Amino acid sequence: MRVYLSVLKLRLNIGMQYRTAALAGVATQFFWGFISIMVFEAFYEFATKTPPISLKELITYIWLQQAFLVFVTVWFRDNELFDLITSGNIAYELCRPCELYGYWYAKLLAQRLSSAFLRCFPILIVSFFLPKPYNMTLPPSLPAFLLFTCSLLLGLLLLVAISMFLYISVFVTLSPMGSLLIFGVLGEFFAGLIIPVPLMPDWLQKIANVLPFRLTADFPFRVYSGHIPPHDAIIGIIIQLIYIVGLVWLGRSALNRVLKKVVVQGG
């Protein structure tokens, strides 16, 4: 465990150096945040029925999505790992005196944490002081905020466990493009990053509620706004823990299985 914590700390320090890229990302995310809010604002203005989530809750949802984008998107990736697998340099990784799954998991976790740390605070601070109705609002209660924090961090651990399958699949396909496309499209849609889950048709909501992607973004964001009450939030957090344990176990088993079949050619 000490090895993984050292990797986490080292990668955090490395990731914190990319401040200029973070500022560019903040500007881009503000742009997309305003675009998304205006689109939904027009949708709500001409809605014939009362939407299942209020516009105020939805705007907070969008700003949280932009602030913690690297916490909730599958397509945020480490190209270095792809190169290691496809070039055969994975042999160097196998020589490390630690388990490969834990090492990569700590590395991916640190990359997301450092990137989010640089981007989230400017977006959150500015969004609170925007004019109505474009401003972000505070959570309805302290328990809602604490449950949001817990569910967001667990959602991050869950997303890293999901993204590990992306790298594992490249051992078989030897090309990351197909896996990135499938994981990116499915993950982004069913996590509620394109359409919030409450606005989906009932049959799509049933699918989204079964898949783990919703628990990484839609669930914590709705806990923050109070759209999901505390009792249901606690149940959702328990489900997050079950998914994390299950996916980590499956991911470690799958990685060990493909490593037994790895063939590295060269000198």
# chains A, B, ... in the order shown; residues from 1 in each chain; ligands from 1
>>> residues_around(residues="A:Leu211", least_positions_apart="5", cutoff="10 Å", atoms="only C-alpha atoms", output="VMD selection string")
chain A and resid 186 to 187 190 to 191 205 to 206 243
>>> residues_around(residues="A:Gly192", least_positions_apart="2", cutoff="9 Å", atoms="only C-alpha atoms", output="list in words")
Gly187, Glu188, Phe189, Phe190, Ile194, Ile195, Pro196, Val197, Pro198, Met200, Ala208, Phe213, Arg214, Ala217, Asp218 and Phe219 of chain A
>>> closest_residue(among="A:Leu64, A:Phe221, A:Lys49, A:Ser54", to="A:Arg119", atoms="only C-alpha atoms")
A:Leu64
>>> closest_atom_pairs(of="stretch 232-266 of chain A", to="stretch 169-185 of chain A", cutoff="10 Å", atoms="only C-alpha atoms", output="JSON lines")
{"residue": "A:Ala254", "atom": "CA", "partner": "A:Ser169", "partner_atom": "CA", "distance": 9.2}
{"residue": "A:Leu255", "atom": "CA", "partner": "A:Phe171", "partner_atom": "CA", "distance": 8.9}
{"residue": "A:Val258", "atom": "CA", "partner": "A:Phe171", "partner_atom": "CA", "distance": 6.8}
{"residue": "A:Leu259", "atom": "CA", "partner": "A:Phe171", "partner_atom": "CA", "distance": 8.2}
{"residue": "A:Lys261", "atom": "CA", "partner": "A:Phe171", "partner_atom": "CA", "distance": 9.2}
{"residue": "A:Val262", "atom": "CA", "partner": "A:Phe171", "partner_atom": "CA", "distance": 7.7}
>>> closest_residue(among="A:Ala27, A:Leu204, A:Leu108, A:Val70", to="A:Val126", atoms="only C-alpha atoms")
A:Ala27
>>> closest_atom_pairs(of="stretch 220-239 of chain A", to="stretch 138-153 of chain A", cutoff="8 Å", atoms="only C-alpha atoms", output="JSON lines")
{"residue": "A:Pro220", "atom": "CA", "partner": "A:Phe148", "partner_atom": "CA", "distance": 5.2}
{"residue": "A:Phe221", "atom": "CA", "partner": "A:Phe148", "partner_atom": "CA", "distance": 7.1}
{"residue": "A:Val223", "atom": "CA", "partner": "A:Phe148", "partner_atom": "CA", "distance": 5.5}
{"residue": "A:Tyr224", "atom": "CA", "partner": "A:Phe148", "partner_atom": "CA", "distance": 5.2}
{"residue": "A:Ser225", "atom": "CA", "partner": "A:Pro139", "partner_atom": "CA", "distance": 5.3}
{"residue": "A:Gly226", "atom": "CA", "partner": "A:Pro140", "partner_atom": "CA", "distance": 6.2}
{"residue": "A:Pro229", "atom": "CA", "partner": "A:Ala144", "partner_atom": "CA", "distance": 7.9}
{"residue": "A:Pro230", "atom": "CA", "partner": "A:Ala144", "partner_atom": "CA", "distance": 6.5}
{"residue": "A:Ala233", "atom": "CA", "partner": "A:Leu147", "partner_atom": "CA", "distance": 6.9}
{"residue": "A:Ile234", "atom": "CA", "partner": "A:Leu147", "partner_atom": "CA", "distance": 7.5}
{"residue": "A:Ile237", "atom": "CA", "partner": "A:Ser151", "partner_atom": "CA", "distance": 5.9}
>>> write_last_selection(atoms="N, CA, C and O atoms", output="PDB file, in the first residue's frame")
ATOM      1  N   PRO A 220     -24.183  11.772  -7.806  1.00  0.00           N
ATOM      2  CA  PRO A 220     -23.673  12.779  -6.855  1.00  0.00           C
ATOM      3  C   PRO A 220     -24.163  14.193  -7.140  1.00  0.00           C
ATOM      4  O   PRO A 220     -24.406  14.966  -6.207  1.00  0.00           O
ATOM      5  N   PHE A 221     -24.350  14.554  -8.412  1.00  0.00           N
ATOM      6  CA  PHE A 221     -24.797  15.909  -8.732  1.00  0.00           C
ATOM      7  C   PHE A 221     -26.228  16.140  -8.257  1.00  0.00           C
ATOM      8  O   PHE A 221     -26.563  17.226  -7.776  1.00  0.00           O
ATOM      9  N   VAL A 223     -27.597  14.517  -5.760  1.00  0.00           N
ATOM     10  CA  VAL A 223     -27.533  14.523  -4.285  1.00  0.00           C
ATOM     11  C   VAL A 223     -27.206  15.928  -3.795  1.00  0.00           C
ATOM     12  O   VAL A 223     -27.779  16.407  -2.805  1.00  0.00           O
ATOM     13  N   TYR A 224     -26.313  16.624  -4.478  1.00  0.00           N
ATOM     14  CA  TYR A 224     -25.925  17.987  -4.105  1.00  0.00           C
ATOM     15  C   TYR A 224     -27.126  18.930  -4.115  1.00  0.00           C
ATOM     16  O   TYR A 224     -27.318  19.723  -3.186  1.00  0.00           O
ATOM     17  N   SER A 225     -27.917  18.870  -5.166  1.00  0.00           N
ATOM     18  CA  SER A 225     -29.050  19.802  -5.311  1.00  0.00           C
ATOM     19  C   SER A 225     -30.248  19.419  -4.453  1.00  0.00           C
ATOM     20  O   SER A 225     -31.202  20.190  -4.349  1.00  0.00           O
ATOM     21  N   GLY A 226     -30.224  18.234  -3.845  1.00  0.00           N
ATOM     22  CA  GLY A 226     -31.353  17.778  -3.043  1.00  0.00           C
ATOM     23  C   GLY A 226     -32.414  17.057  -3.842  1.00  0.00           C
ATOM     24  O   GLY A 226     -33.451  16.657  -3.297  1.00  0.00           O
ATOM     25  N   PRO A 229     -33.125  12.573  -2.180  1.00  0.00           N
ATOM     26  CA  PRO A 229     -33.162  12.785  -0.726  1.00  0.00           C
ATOM     27  C   PRO A 229     -32.079  11.987  -0.007  1.00  0.00           C
ATOM     28  O   PRO A 229     -31.545  11.011  -0.553  1.00  0.00           O
ATOM     29  N   PRO A 230     -31.741  12.370   1.240  1.00  0.00           N
ATOM     30  CA  PRO A 230     -30.653  11.711   1.978  1.00  0.00           C
ATOM     31  C   PRO A 230     -30.797  10.202   2.110  1.00  0.00           C
ATOM     32  O   PRO A 230     -29.808   9.473   1.991  1.00  0.00           O
ATOM     33  N   ALA A 233     -29.883   8.677  -1.044  1.00  0.00           N
ATOM     34  CA  ALA A 233     -28.455   8.898  -1.286  1.00  0.00           C
ATOM     35  C   ALA A 233     -27.611   7.870  -0.548  1.00  0.00           C
ATOM     36  O   ALA A 233     -26.611   7.378  -1.086  1.00  0.00           O
ATOM     37  N   ILE A 234     -27.997   7.531   0.670  1.00  0.00           N
ATOM     38  CA  ILE A 234     -27.253   6.524   1.445  1.00  0.00           C
ATOM     39  C   ILE A 234     -27.319   5.165   0.751  1.00  0.00           C
ATOM     40  O   ILE A 234     -26.316   4.448   0.662  1.00  0.00           O
ATOM     41  N   ILE A 237     -24.984   5.247  -2.182  1.00  0.00           N
ATOM     42  CA  ILE A 237     -23.584   5.137  -1.770  1.00  0.00           C
ATOM     43  C   ILE A 237     -23.222   3.682  -1.490  1.00  0.00           C
ATOM     44  O   ILE A 237     -22.120   3.227  -1.839  1.00  0.00           O
TER      45      ILE A 237
END
>>> residues_around(residues="A:Glu93", least_positions_apart="6", cutoff="10 Å", atoms="only C-alpha atoms", output="VMD selection string")
chain A and resid 81 84 to 85 99 to 100 103 to 104
>>> write_last_selection(atoms="C-alpha atoms", output="JSON list (two decimals), in the first residue's frame")
[["chain", "number", "residue", "atom", "x", "y", "z"],
["A", 81, "LEU", "CA", -0.26, 3.42, -20.84],
["A", 84, "LEU", "CA", 3.36, 0.87, -23.22],
["A", 85, "ILE", "CA", 0.89, -1.82, -24.27],
["A", 99, "GLU", "CA", 1.11, -5.37, -8.61],
["A", 100, "LEU", "CA", 0.41, -3.78, -11.99],
["A", 103, "TYR", "CA", 0.10, 0.73, -9.70],
["A", 104, "TRP", "CA", -1.94, 1.79, -12.72]]
>>> select_by_dssp(residues="stretch 19-243 of chain A", states="alpha helix (DSSP H)", output="PyMOL selection string")
chain A and resi 19-45+55-67+69-72+79-87+90-94+100-128+142-173+176-190+202-210+218-225+230-243
>>> atom_distance(atom1="atom CA of A:Tyr61", atom2="atom CA of A:Val160")
21.4 Å
>>> closest_residue(among="A:Pro212, A:Gly88, A:Pro51, A:Gly251", to="A:Gly155", atoms="only C-alpha atoms")
A:Pro212
>>> atom_distance(atom1="atom CA of A:Leu158", atom2="atom CA of A:Cys98")
21.8 Å
